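Novice: The structure that follows is given in the form of structure tokens.
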Amino acid sequence: MEEISLYGANGKPDWFWKLNPDGTVPVLVAATAKGRSDAIIADSEDILNSFVAGDVIGGNGVLTCDENQEQSLFQKQQWWRDTIQRRVNPIGKSAVLGAGKTKLYDLLHDLNSEVVGPYLCGDRVTVADCAAFPFLW
């Protein structure tokens, strides 16, 4: 694992640009579960989706949620992921870039009432928790 700057003028190394010409982070290089060559996945949501779908080795099904068996849990996870993507990400990025943290803290305070408890969607870690982790850690 190598840390790459999210934003700023430091630039990214050449090897990184070869992995992901768009230059976005994170990027995961992982063995595929179906025995194909390594997968290069260059988006947080796509990385999470790959683990949920069992497409990459290492998830061990911990993030899997069968839509038919656990409809309410599936819907709650989708709500959290959408909320994080549409509301938390933009405000979090602004906070990182120096716009201040007040809006982020206010939003997280408001979202706290949606936590089912001890994790976002209940009594186990889900893909929603993984999506939220960078903003809560």
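Labels for the structure tokens follow display order: chains A, B, ..., residues from 1 in each chain, ligands from 1.
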Set the distance at 10 Å and use only C-alpha atoms: which residues neighbour Gly23 in chain A once local chain neighbours fewer than 2 positions away are removed? I'd like the list as a PDB file with all heavy atoms, in the first residue's frame.

Specialist:
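Writing the result to out-v5.pdb gives the following:
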```pdb
ATOM      1  N   LEU A   6      -4.598  13.171  -2.052  1.00  0.00           N
ATOM      2  CA  LEU A   6      -5.918  13.316  -2.651  1.00  0.00           C
ATOM      3  C   LEU A   6      -6.000  14.537  -3.552  1.00  0.00           C
ATOM      4  O   LEU A   6      -6.527  14.483  -4.647  1.00  0.00           O
ATOM      5  CB  LEU A   6      -6.972  13.462  -1.551  1.00  0.00           C
ATOM      6  CG  LEU A   6      -7.388  12.209  -0.818  1.00  0.00           C
ATOM      7  CD1 LEU A   6      -8.294  12.572   0.347  1.00  0.00           C
ATOM      8  CD2 LEU A   6      -8.099  11.266  -1.749  1.00  0.00           C
ATOM      9  N   GLY A  11       1.326  16.371  -7.297  1.00  0.00           N
ATOM     10  CA  GLY A  11       1.353  15.460  -8.420  1.00  0.00           C
ATOM     11  C   GLY A  11       1.376  14.012  -7.971  1.00  0.00           C
ATOM     12  O   GLY A  11       1.633  13.700  -6.824  1.00  0.00           O
ATOM     13  N   LYS A  12       1.096  13.154  -8.907  1.00  0.00           N
ATOM     14  CA  LYS A  12       1.096  11.722  -8.628  1.00  0.00           C
ATOM     15  C   LYS A  12       2.215  11.080  -9.442  1.00  0.00           C
ATOM     16  O   LYS A  12       2.537  11.535 -10.521  1.00  0.00           O
ATOM     17  CB  LYS A  12      -0.264  11.138  -8.990  1.00  0.00           C
ATOM     18  CG  LYS A  12      -1.367  11.689  -8.096  1.00  0.00           C
ATOM     19  CD  LYS A  12      -2.727  11.156  -8.470  1.00  0.00           C
ATOM     20  CE  LYS A  12      -3.793  11.624  -7.509  1.00  0.00           C
ATOM     21  NZ  LYS A  12      -4.131  13.023  -7.607  1.00  0.00           N
ATOM     22  N   PRO A  13       2.808   9.998  -8.912  1.00  0.00           N
ATOM     23  CA  PRO A  13       3.912   9.364  -9.625  1.00  0.00           C
ATOM     24  C   PRO A  13       3.454   8.715 -10.934  1.00  0.00           C
ATOM     25  O   PRO A  13       2.285   8.382 -11.102  1.00  0.00           O
ATOM     26  CB  PRO A  13       4.427   8.312  -8.638  1.00  0.00           C
ATOM     27  CG  PRO A  13       3.337   8.123  -7.638  1.00  0.00           C
ATOM     28  CD  PRO A  13       2.517   9.362  -7.633  1.00  0.00           C
ATOM     29  N   PHE A  16       1.389   5.560 -10.910  1.00  0.00           N
ATOM     30  CA  PHE A  16      -0.012   5.728 -10.559  1.00  0.00           C
ATOM     31  C   PHE A  16      -0.830   6.088 -11.797  1.00  0.00           C
ATOM     32  O   PHE A  16      -1.926   5.561 -12.004  1.00  0.00           O
ATOM     33  CB  PHE A  16      -0.168   6.801  -9.479  1.00  0.00           C
ATOM     34  CG  PHE A  16      -1.598   6.983  -9.040  1.00  0.00           C
ATOM     35  CD1 PHE A  16      -2.133   6.160  -8.064  1.00  0.00           C
ATOM     36  CD2 PHE A  16      -2.405   7.941  -9.618  1.00  0.00           C
ATOM     37  CE1 PHE A  16      -3.458   6.302  -7.667  1.00  0.00           C
ATOM     38  CE2 PHE A  16      -3.722   8.089  -9.231  1.00  0.00           C
ATOM     39  CZ  PHE A  16      -4.247   7.266  -8.256  1.00  0.00           C
ATOM     40  N   TRP A  17      -0.304   6.976 -12.625  1.00  0.00           N
ATOM     41  CA  TRP A  17      -1.014   7.383 -13.841  1.00  0.00           C
ATOM     42  C   TRP A  17      -1.212   6.204 -14.783  1.00  0.00           C
ATOM     43  O   TRP A  17      -2.202   6.139 -15.516  1.00  0.00           O
ATOM     44  CB  TRP A  17      -0.277   8.522 -14.546  1.00  0.00           C
ATOM     45  CG  TRP A  17      -0.388   9.809 -13.791  1.00  0.00           C
ATOM     46  CD1 TRP A  17       0.570  10.407 -13.030  1.00  0.00           C
ATOM     47  CD2 TRP A  17      -1.544  10.651 -13.687  1.00  0.00           C
ATOM     48  NE1 TRP A  17       0.082  11.567 -12.466  1.00  0.00           N
ATOM     49  CE2 TRP A  17      -1.200  11.738 -12.868  1.00  0.00           C
ATOM     50  CE3 TRP A  17      -2.825  10.592 -14.213  1.00  0.00           C
ATOM     51  CZ2 TRP A  17      -2.105  12.750 -12.553  1.00  0.00           C
ATOM     52  CZ3 TRP A  17      -3.725  11.606 -13.915  1.00  0.00           C
ATOM     53  CH2 TRP A  17      -3.359  12.671 -13.093  1.00  0.00           C
ATOM     54  N   LYS A  18      -0.283   5.248 -14.764  1.00  0.00           N
ATOM     55  CA  LYS A  18      -0.437   4.053 -15.593  1.00  0.00           C
ATOM     56  C   LYS A  18      -1.597   3.192 -15.085  1.00  0.00           C
ATOM     57  O   LYS A  18      -2.310   2.577 -15.875  1.00  0.00           O
ATOM     58  CB  LYS A  18       0.863   3.242 -15.618  1.00  0.00           C
ATOM     59  CG  LYS A  18       1.948   3.927 -16.423  1.00  0.00           C
ATOM     60  CD  LYS A  18       3.238   3.149 -16.356  1.00  0.00           C
ATOM     61  CE  LYS A  18       4.347   3.956 -17.036  1.00  0.00           C
ATOM     62  NZ  LYS A  18       5.651   3.326 -16.850  1.00  0.00           N
ATOM     63  N   LEU A  19      -1.772   3.127 -13.765  1.00  0.00           N
ATOM     64  CA  LEU A  19      -2.891   2.383 -13.200  1.00  0.00           C
ATOM     65  C   LEU A  19      -4.222   3.068 -13.484  1.00  0.00           C
ATOM     66  O   LEU A  19      -5.209   2.424 -13.808  1.00  0.00           O
ATOM     67  CB  LEU A  19      -2.749   2.257 -11.676  1.00  0.00           C
ATOM     68  CG  LEU A  19      -1.738   1.292 -11.132  1.00  0.00           C
ATOM     69  CD1 LEU A  19      -1.696   1.382  -9.608  1.00  0.00           C
ATOM     70  CD2 LEU A  19      -2.052  -0.129 -11.567  1.00  0.00           C
ATOM     71  N   ASN A  20      -4.223   4.389 -13.328  1.00  0.00           N
ATOM     72  CA  ASN A  20      -5.465   5.142 -13.437  1.00  0.00           C
ATOM     73  C   ASN A  20      -5.225   6.471 -14.145  1.00  0.00           C
ATOM     74  O   ASN A  20      -4.899   7.465 -13.495  1.00  0.00           O
ATOM     75  CB  ASN A  20      -6.058   5.381 -12.045  1.00  0.00           C
ATOM     76  CG  ASN A  20      -7.353   6.138 -12.116  1.00  0.00           C
ATOM     77  OD1 ASN A  20      -7.980   6.230 -13.153  1.00  0.00           O
ATOM     78  ND2 ASN A  20      -7.761   6.703 -11.004  1.00  0.00           N
ATOM     79  N   PRO A  21      -5.397   6.492 -15.456  1.00  0.00           N
ATOM     80  CA  PRO A  21      -5.167   7.722 -16.220  1.00  0.00           C
ATOM     81  C   PRO A  21      -6.022   8.915 -15.783  1.00  0.00           C
ATOM     82  O   PRO A  21      -5.667  10.057 -16.039  1.00  0.00           O
ATOM     83  CB  PRO A  21      -5.512   7.315 -17.656  1.00  0.00           C
ATOM     84  CG  PRO A  21      -5.353   5.833 -17.682  1.00  0.00           C
ATOM     85  CD  PRO A  21      -5.725   5.358 -16.302  1.00  0.00           C
ATOM     86  N   VAL A  25      -8.331   8.950  -6.753  1.00  0.00           N
ATOM     87  CA  VAL A  25      -8.036   7.991  -5.702  1.00  0.00           C
ATOM     88  C   VAL A  25      -9.344   7.660  -4.991  1.00  0.00           C
ATOM     89  O   VAL A  25     -10.257   8.485  -4.994  1.00  0.00           O
ATOM     90  CB  VAL A  25      -7.001   8.541  -4.690  1.00  0.00           C
ATOM     91  CG1 VAL A  25      -5.651   8.686  -5.338  1.00  0.00           C
ATOM     92  CG2 VAL A  25      -7.439   9.850  -4.083  1.00  0.00           C
ATOM     93  N   PRO A  26      -9.448   6.492  -4.425  1.00  0.00           N
ATOM     94  CA  PRO A  26      -8.455   5.432  -4.324  1.00  0.00           C
ATOM     95  C   PRO A  26      -8.417   4.554  -5.570  1.00  0.00           C
ATOM     96  O   PRO A  26      -9.324   4.604  -6.403  1.00  0.00           O
ATOM     97  CB  PRO A  26      -8.949   4.610  -3.122  1.00  0.00           C
ATOM     98  CG  PRO A  26     -10.438   4.738  -3.207  1.00  0.00           C
ATOM     99  CD  PRO A  26     -10.684   6.155  -3.690  1.00  0.00           C
ATOM    100  N   VAL A  27      -7.376   3.743  -5.648  1.00  0.00           N
ATOM    101  CA  VAL A  27      -7.243   2.720  -6.679  1.00  0.00           C
ATOM    102  C   VAL A  27      -6.910   1.417  -5.964  1.00  0.00           C
ATOM    103  O   VAL A  27      -6.030   1.381  -5.111  1.00  0.00           O
ATOM    104  CB  VAL A  27      -6.130   3.059  -7.690  1.00  0.00           C
ATOM    105  CG1 VAL A  27      -5.902   1.906  -8.654  1.00  0.00           C
ATOM    106  CG2 VAL A  27      -6.467   4.330  -8.447  1.00  0.00           C
ATOM    107  N   ALA A  42     -10.831   1.838  -9.814  1.00  0.00           N
ATOM    108  CA  ALA A  42     -10.407   3.207  -9.511  1.00  0.00           C
ATOM    109  C   ALA A  42     -11.548   4.107  -9.064  1.00  0.00           C
ATOM    110  O   ALA A  42     -11.707   5.206  -9.565  1.00  0.00           O
ATOM    111  CB  ALA A  42      -9.714   3.797 -10.732  1.00  0.00           C
TER     112      ALA A  42
END
```

Novice: Calculated over only C-alpha atoms, which of the candidates A:Ser72, A:Ser44, A:Asp22, A:Ala30 has the smallest distance to Val56 in chain A?

Specialist: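 Using only C-alpha atoms, Val56 in chain A sits closest to A:Ala30.
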
Novice: Tell me which of A:Pro118, A:Lys101, A:Ala132, A:Trp15 sits closest to Arg86 in chain A, counting only C-alpha atoms.

Specialist: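 Of A:Pro118, A:Lys101, A:Ala132, A:Trp15, the one nearest Arg86 in chain A is A:Ala132, counting only C-alpha atoms.
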
Novice: Applying 12 Å and only C-alpha atoms, which residues near Pro134 in chain A remain after dropping the ones on its own chain fewer than 6 positions away? List them as a PyMOL selection string.

Specialist: chain A and resi 26+44+84-85+88-89+92-93+96+128

Novice: Quick one: write out the picked residues with N, CA and C atoms as a PDB file, in the first residue's frame?

Specialist:
```pdb
ATOM      1  N   PRO A  26      -9.448   6.492  -4.425  1.00  0.00           N
ATOM      2  CA  PRO A  26      -8.455   5.432  -4.324  1.00  0.00           C
ATOM      3  C   PRO A  26      -8.417   4.554  -5.570  1.00  0.00           C
ATOM      4  N   SER A  44     -14.074   4.672  -5.254  1.00  0.00           N
ATOM      5  CA  SER A  44     -14.487   4.136  -3.951  1.00  0.00           C
ATOM      6  C   SER A  44     -15.731   3.274  -4.048  1.00  0.00           C
ATOM      7  N   ILE A  84     -24.043   9.629   1.559  1.00  0.00           N
ATOM      8  CA  ILE A  84     -22.610   9.892   1.658  1.00  0.00           C
ATOM      9  C   ILE A  84     -22.088  10.461   0.344  1.00  0.00           C
ATOM     10  N   GLN A  85     -22.491   9.847  -0.756  1.00  0.00           N
ATOM     11  CA  GLN A  85     -22.015  10.278  -2.071  1.00  0.00           C
ATOM     12  C   GLN A  85     -22.496  11.687  -2.421  1.00  0.00           C
ATOM     13  N   VAL A  88     -22.341  14.060   1.930  1.00  0.00           N
ATOM     14  CA  VAL A  88     -21.149  14.094   2.772  1.00  0.00           C
ATOM     15  C   VAL A  88     -19.883  14.331   1.940  1.00  0.00           C
ATOM     16  N   ASN A  89     -19.728  13.634   0.823  1.00  0.00           N
ATOM     17  CA  ASN A  89     -18.505  13.781   0.014  1.00  0.00           C
ATOM     18  C   ASN A  89     -18.202  15.229  -0.379  1.00  0.00           C
ATOM     19  N   GLY A  92     -17.279  17.190   2.739  1.00  0.00           N
ATOM     20  CA  GLY A  92     -16.005  16.685   3.258  1.00  0.00           C
ATOM     21  C   GLY A  92     -14.826  17.159   2.435  1.00  0.00           C
ATOM     22  N   LYS A  93     -14.973  17.130   1.122  1.00  0.00           N
ATOM     23  CA  LYS A  93     -13.892  17.604   0.237  1.00  0.00           C
ATOM     24  C   LYS A  93     -13.632  19.089   0.478  1.00  0.00           C
ATOM     25  N   VAL A  96     -11.620  19.505   3.610  1.00  0.00           N
ATOM     26  CA  VAL A  96     -10.214  19.135   3.405  1.00  0.00           C
ATOM     27  C   VAL A  96      -9.468  20.255   2.683  1.00  0.00           C
ATOM     28  N   ALA A 128     -22.227   0.266   3.869  1.00  0.00           N
ATOM     29  CA  ALA A 128     -22.523   1.662   4.226  1.00  0.00           C
ATOM     30  C   ALA A 128     -21.467   2.206   5.187  1.00  0.00           C
TER      31      ALA A 128
END
```

Novice: Report, in Å to a single decimal, how far apart CA of Leu73 in chain A and CA of Leu120 in chain A are.

Specialist: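 Computed distance, CA of Leu120 in chain A to CA of Leu73 in chain A, equals 10.3 Å.
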
Novice: Which parts of chain A does DSSP call strand (DSSP E) when run on the backbone here, written out as a PDB file with C-alpha atoms, in the first residue's frame?

Specialist:
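What follows is the written file result-v1.pdb:
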```pdb
ATOM      1  CA  LEU A  28      -7.369  -0.948  -5.738  1.00  0.00           C
ATOM      2  CA  VAL A  29      -5.328  -3.610  -7.508  1.00  0.00           C
ATOM      3  CA  ALA A  30      -6.709  -6.970  -6.404  1.00  0.00           C
ATOM      4  CA  ALA A  39      -8.475  -6.100 -11.375  1.00  0.00           C
ATOM      5  CA  ILE A  40      -7.680  -2.384 -11.270  1.00  0.00           C
ATOM      6  CA  ILE A  41     -10.618  -0.566  -9.710  1.00  0.00           C
TER       7      ILE A  41
END
```

Novice: Which one of A:Thr32, A:Asp129, A:Ile91, A:Lys103 sits closest to Trp79 in chain A if you count only C-alpha atoms?

Specialist: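 Of A:Thr32, A:Asp129, A:Ile91, A:Lys103, the one nearest Trp79 in chain A, counting only C-alpha atoms, is A:Asp129.
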
Novice: Name the residues of chain A that fall into alpha helix (DSSP H) according to DSSP on the backbone, using the chain letters and numbers of this document, as a PDB file with N, CA and C atoms, in the first residue's frame.

Specialist:
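Wrote selection-v2.pdb, looks like this:
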```
ATOM      1  N   ASP A  14       4.396   8.505 -11.851  1.00  0.00           N
ATOM      2  CA  ASP A  14       4.084   7.933 -13.155  1.00  0.00           C
ATOM      3  C   ASP A  14       3.400   6.578 -13.056  1.00  0.00           C
ATOM      4  N   TRP A  15       3.845   5.742 -12.105  1.00  0.00           N
ATOM      5  CA  TRP A  15       3.240   4.413 -11.984  1.00  0.00           C
ATOM      6  C   TRP A  15       1.758   4.510 -11.662  1.00  0.00           C
ATOM      7  N   PHE A  16       1.389   5.560 -10.910  1.00  0.00           N
ATOM      8  CA  PHE A  16      -0.012   5.728 -10.559  1.00  0.00           C
ATOM      9  C   PHE A  16      -0.830   6.088 -11.797  1.00  0.00           C
ATOM     10  N   TRP A  17      -0.304   6.976 -12.625  1.00  0.00           N
ATOM     11  CA  TRP A  17      -1.014   7.383 -13.841  1.00  0.00           C
ATOM     12  C   TRP A  17      -1.212   6.204 -14.783  1.00  0.00           C
ATOM     13  N   LYS A  18      -0.283   5.248 -14.764  1.00  0.00           N
ATOM     14  CA  LYS A  18      -0.437   4.053 -15.593  1.00  0.00           C
ATOM     15  C   LYS A  18      -1.597   3.192 -15.085  1.00  0.00           C
ATOM     16  N   LEU A  19      -1.772   3.127 -13.765  1.00  0.00           N
ATOM     17  CA  LEU A  19      -2.891   2.383 -13.200  1.00  0.00           C
ATOM     18  C   LEU A  19      -4.222   3.068 -13.484  1.00  0.00           C
ATOM     19  N   SER A  44     -14.074   4.672  -5.254  1.00  0.00           N
ATOM     20  CA  SER A  44     -14.487   4.136  -3.951  1.00  0.00           C
ATOM     21  C   SER A  44     -15.731   3.274  -4.048  1.00  0.00           C
ATOM     22  N   GLU A  45     -16.749   3.788  -4.712  1.00  0.00           N
ATOM     23  CA  GLU A  45     -18.004   3.046  -4.823  1.00  0.00           C
ATOM     24  C   GLU A  45     -17.817   1.764  -5.632  1.00  0.00           C
ATOM     25  N   ASP A  46     -17.035   1.819  -6.705  1.00  0.00           N
ATOM     26  CA  ASP A  46     -16.783   0.619  -7.508  1.00  0.00           C
ATOM     27  C   ASP A  46     -15.995  -0.421  -6.715  1.00  0.00           C
ATOM     28  N   ILE A  47     -15.065   0.039  -5.895  1.00  0.00           N
ATOM     29  CA  ILE A  47     -14.303  -0.884  -5.041  1.00  0.00           C
ATOM     30  C   ILE A  47     -15.250  -1.587  -4.077  1.00  0.00           C
ATOM     31  N   LEU A  48     -16.112  -0.835  -3.418  1.00  0.00           N
ATOM     32  CA  LEU A  48     -17.075  -1.437  -2.492  1.00  0.00           C
ATOM     33  C   LEU A  48     -18.003  -2.399  -3.224  1.00  0.00           C
ATOM     34  N   ASN A  49     -18.488  -1.997  -4.394  1.00  0.00           N
ATOM     35  CA  ASN A  49     -19.373  -2.868  -5.169  1.00  0.00           C
ATOM     36  C   ASN A  49     -18.678  -4.174  -5.538  1.00  0.00           C
ATOM     37  N   SER A  50     -17.386  -4.113  -5.832  1.00  0.00           N
ATOM     38  CA  SER A  50     -16.634  -5.323  -6.185  1.00  0.00           C
ATOM     39  C   SER A  50     -16.544  -6.291  -5.019  1.00  0.00           C
ATOM     40  N   PHE A  51     -16.373  -5.766  -3.811  1.00  0.00           N
ATOM     41  CA  PHE A  51     -16.358  -6.632  -2.636  1.00  0.00           C
ATOM     42  C   PHE A  51     -17.744  -7.219  -2.367  1.00  0.00           C
ATOM     43  N   VAL A  52     -18.762  -6.388  -2.473  1.00  0.00           N
ATOM     44  CA  VAL A  52     -20.129  -6.857  -2.238  1.00  0.00           C
ATOM     45  C   VAL A  52     -20.493  -7.969  -3.220  1.00  0.00           C
ATOM     46  N   ALA A  53     -20.121  -7.788  -4.480  1.00  0.00           N
ATOM     47  CA  ALA A  53     -20.450  -8.766  -5.517  1.00  0.00           C
ATOM     48  C   ALA A  53     -19.563 -10.008  -5.459  1.00  0.00           C
ATOM     49  N   GLN A  71     -34.283  -7.129   2.481  1.00  0.00           N
ATOM     50  CA  GLN A  71     -34.704  -5.949   1.735  1.00  0.00           C
ATOM     51  C   GLN A  71     -34.539  -4.655   2.533  1.00  0.00           C
ATOM     52  N   SER A  72     -34.951  -4.635   3.793  1.00  0.00           N
ATOM     53  CA  SER A  72     -34.860  -3.392   4.558  1.00  0.00           C
ATOM     54  C   SER A  72     -33.397  -3.005   4.809  1.00  0.00           C
ATOM     55  N   LEU A  73     -32.538  -3.992   5.086  1.00  0.00           N
ATOM     56  CA  LEU A  73     -31.121  -3.707   5.276  1.00  0.00           C
ATOM     57  C   LEU A  73     -30.500  -3.212   3.978  1.00  0.00           C
ATOM     58  N   PHE A  74     -30.840  -3.845   2.880  1.00  0.00           N
ATOM     59  CA  PHE A  74     -30.336  -3.432   1.571  1.00  0.00           C
ATOM     60  C   PHE A  74     -30.732  -1.979   1.284  1.00  0.00           C
ATOM     61  N   GLN A  75     -31.992  -1.639   1.529  1.00  0.00           N
ATOM     62  CA  GLN A  75     -32.471  -0.278   1.274  1.00  0.00           C
ATOM     63  C   GLN A  75     -31.775   0.733   2.173  1.00  0.00           C
ATOM     64  N   LYS A  76     -31.558   0.380   3.436  1.00  0.00           N
ATOM     65  CA  LYS A  76     -30.882   1.288   4.365  1.00  0.00           C
ATOM     66  C   LYS A  76     -29.440   1.534   3.918  1.00  0.00           C
ATOM     67  N   GLN A  77     -28.760   0.456   3.495  1.00  0.00           N
ATOM     68  CA  GLN A  77     -27.391   0.616   2.998  1.00  0.00           C
ATOM     69  C   GLN A  77     -27.372   1.537   1.782  1.00  0.00           C
ATOM     70  N   GLN A  78     -28.298   1.353   0.875  1.00  0.00           N
ATOM     71  CA  GLN A  78     -28.356   2.186  -0.328  1.00  0.00           C
ATOM     72  C   GLN A  78     -28.623   3.637   0.035  1.00  0.00           C
ATOM     73  N   TRP A  79     -29.497   3.864   1.026  1.00  0.00           N
ATOM     74  CA  TRP A  79     -29.777   5.230   1.459  1.00  0.00           C
ATOM     75  C   TRP A  79     -28.500   5.880   2.005  1.00  0.00           C
ATOM     76  N   TRP A  80     -27.785   5.157   2.863  1.00  0.00           N
ATOM     77  CA  TRP A  80     -26.549   5.692   3.427  1.00  0.00           C
ATOM     78  C   TRP A  80     -25.530   5.975   2.332  1.00  0.00           C
ATOM     79  N   ARG A  81     -25.337   5.037   1.408  1.00  0.00           N
ATOM     80  CA  ARG A  81     -24.337   5.235   0.356  1.00  0.00           C
ATOM     81  C   ARG A  81     -24.690   6.439  -0.508  1.00  0.00           C
ATOM     82  N   ASP A  82     -25.959   6.595  -0.828  1.00  0.00           N
ATOM     83  CA  ASP A  82     -26.395   7.740  -1.625  1.00  0.00           C
ATOM     84  C   ASP A  82     -26.189   9.039  -0.851  1.00  0.00           C
ATOM     85  N   THR A  83     -26.537   9.032   0.416  1.00  0.00           N
ATOM     86  CA  THR A  83     -26.363  10.225   1.252  1.00  0.00           C
ATOM     87  C   THR A  83     -24.896  10.600   1.374  1.00  0.00           C
ATOM     88  N   ASN A  89     -19.728  13.634   0.823  1.00  0.00           N
ATOM     89  CA  ASN A  89     -18.505  13.781   0.014  1.00  0.00           C
ATOM     90  C   ASN A  89     -18.202  15.229  -0.379  1.00  0.00           C
ATOM     91  N   PRO A  90     -19.165  15.956  -0.951  1.00  0.00           N
ATOM     92  CA  PRO A  90     -18.838  17.328  -1.354  1.00  0.00           C
ATOM     93  C   PRO A  90     -18.450  18.233  -0.180  1.00  0.00           C
ATOM     94  N   ILE A  91     -19.169  18.102   0.935  1.00  0.00           N
ATOM     95  CA  ILE A  91     -18.863  18.934   2.096  1.00  0.00           C
ATOM     96  C   ILE A  91     -17.538  18.506   2.716  1.00  0.00           C
ATOM     97  N   GLY A  92     -17.279  17.190   2.739  1.00  0.00           N
ATOM     98  CA  GLY A  92     -16.005  16.685   3.258  1.00  0.00           C
ATOM     99  C   GLY A  92     -14.826  17.159   2.435  1.00  0.00           C
ATOM    100  N   LYS A  93     -14.973  17.130   1.122  1.00  0.00           N
ATOM    101  CA  LYS A  93     -13.892  17.604   0.237  1.00  0.00           C
ATOM    102  C   LYS A  93     -13.632  19.089   0.478  1.00  0.00           C
ATOM    103  N   SER A  94     -14.693  19.866   0.603  1.00  0.00           N
ATOM    104  CA  SER A  94     -14.529  21.300   0.880  1.00  0.00           C
ATOM    105  C   SER A  94     -13.792  21.530   2.192  1.00  0.00           C
ATOM    106  N   THR A 102     -17.219  23.301   9.882  1.00  0.00           N
ATOM    107  CA  THR A 102     -18.502  23.508  10.543  1.00  0.00           C
ATOM    108  C   THR A 102     -19.644  22.832   9.791  1.00  0.00           C
ATOM    109  N   LYS A 103     -19.710  23.007   8.467  1.00  0.00           N
ATOM    110  CA  LYS A 103     -20.789  22.389   7.694  1.00  0.00           C
ATOM    111  C   LYS A 103     -20.727  20.866   7.783  1.00  0.00           C
ATOM    112  N   LEU A 104     -19.516  20.314   7.750  1.00  0.00           N
ATOM    113  CA  LEU A 104     -19.361  18.870   7.854  1.00  0.00           C
ATOM    114  C   LEU A 104     -19.834  18.387   9.224  1.00  0.00           C
ATOM    115  N   TYR A 105     -19.407  19.050  10.287  1.00  0.00           N
ATOM    116  CA  TYR A 105     -19.834  18.667  11.635  1.00  0.00           C
ATOM    117  C   TYR A 105     -21.355  18.770  11.787  1.00  0.00           C
ATOM    118  N   ASP A 106     -21.950  19.830  11.240  1.00  0.00           N
ATOM    119  CA  ASP A 106     -23.408  20.002  11.324  1.00  0.00           C
ATOM    120  C   ASP A 106     -24.136  18.871  10.592  1.00  0.00           C
ATOM    121  N   LEU A 107     -23.649  18.533   9.396  1.00  0.00           N
ATOM    122  CA  LEU A 107     -24.270  17.456   8.633  1.00  0.00           C
ATOM    123  C   LEU A 107     -24.142  16.122   9.363  1.00  0.00           C
ATOM    124  N   LEU A 108     -22.945  15.820   9.872  1.00  0.00           N
ATOM    125  CA  LEU A 108     -22.750  14.566  10.595  1.00  0.00           C
ATOM    126  C   LEU A 108     -23.624  14.511  11.851  1.00  0.00           C
ATOM    127  N   HIS A 109     -23.784  15.641  12.513  1.00  0.00           N
ATOM    128  CA  HIS A 109     -24.670  15.698  13.683  1.00  0.00           C
ATOM    129  C   HIS A 109     -26.105  15.359  13.277  1.00  0.00           C
ATOM    130  N   ASP A 110     -26.572  15.940  12.176  1.00  0.00           N
ATOM    131  CA  ASP A 110     -27.925  15.665  11.688  1.00  0.00           C
ATOM    132  C   ASP A 110     -28.095  14.195  11.297  1.00  0.00           C
ATOM    133  N   LEU A 111     -27.088  13.636  10.662  1.00  0.00           N
ATOM    134  CA  LEU A 111     -27.172  12.246  10.209  1.00  0.00           C
ATOM    135  C   LEU A 111     -27.094  11.244  11.363  1.00  0.00           C
ATOM    136  N   VAL A 127     -21.527  -2.370   3.956  1.00  0.00           N
ATOM    137  CA  VAL A 127     -20.878  -1.535   2.947  1.00  0.00           C
ATOM    138  C   VAL A 127     -21.140  -0.054   3.219  1.00  0.00           C
ATOM    139  N   ALA A 128     -22.227   0.266   3.869  1.00  0.00           N
ATOM    140  CA  ALA A 128     -22.523   1.662   4.226  1.00  0.00           C
ATOM    141  C   ALA A 128     -21.467   2.206   5.187  1.00  0.00           C
ATOM    142  N   ASP A 129     -21.063   1.395   6.165  1.00  0.00           N
ATOM    143  CA  ASP A 129     -20.026   1.820   7.108  1.00  0.00           C
ATOM    144  C   ASP A 129     -18.707   2.059   6.378  1.00  0.00           C
ATOM    145  N   CYS A 130     -18.392   1.176   5.440  1.00  0.00           N
ATOM    146  CA  CYS A 130     -17.144   1.332   4.675  1.00  0.00           C
ATOM    147  C   CYS A 130     -17.173   2.603   3.838  1.00  0.00           C
ATOM    148  N   ALA A 131     -18.318   2.921   3.271  1.00  0.00           N
ATOM    149  CA  ALA A 131     -18.446   4.142   2.483  1.00  0.00           C
ATOM    150  C   ALA A 131     -18.301   5.393   3.352  1.00  0.00           C
ATOM    151  N   ALA A 132     -18.780   5.312   4.580  1.00  0.00           N
ATOM    152  CA  ALA A 132     -18.746   6.464   5.484  1.00  0.00           C
ATOM    153  C   ALA A 132     -17.418   6.623   6.203  1.00  0.00           C
ATOM    154  N   PHE A 133     -16.660   5.559   6.318  1.00  0.00           N
ATOM    155  CA  PHE A 133     -15.464   5.548   7.156  1.00  0.00           C
ATOM    156  C   PHE A 133     -14.503   6.713   6.927  1.00  0.00           C
ATOM    157  N   PRO A 134     -14.171   7.082   5.684  1.00  0.00           N
ATOM    158  CA  PRO A 134     -13.217   8.194   5.506  1.00  0.00           C
ATOM    159  C   PRO A 134     -13.673   9.513   6.135  1.00  0.00           C
ATOM    160  N   PHE A 135     -14.961   9.672   6.342  1.00  0.00           N
ATOM    161  CA  PHE A 135     -15.477  10.934   6.880  1.00  0.00           C
ATOM    162  C   PHE A 135     -15.665  10.875   8.391  1.00  0.00           C
ATOM    163  N   LEU A 136     -15.577   9.687   8.946  1.00  0.00           N
ATOM    164  CA  LEU A 136     -15.834   9.530  10.375  1.00  0.00           C
ATOM    165  C   LEU A 136     -14.615   9.156  11.165  1.00  0.00           C
TER     166      LEU A 136
END
```

Novice: Could you state the separation of CA of Gly54 in chain A and CA of Glu114 in chain A in Å, given to one decimal place?

Specialist: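 Going from CA of Gly54 in chain A over to CA of Glu114 in chain A, I get 27.8 Å.
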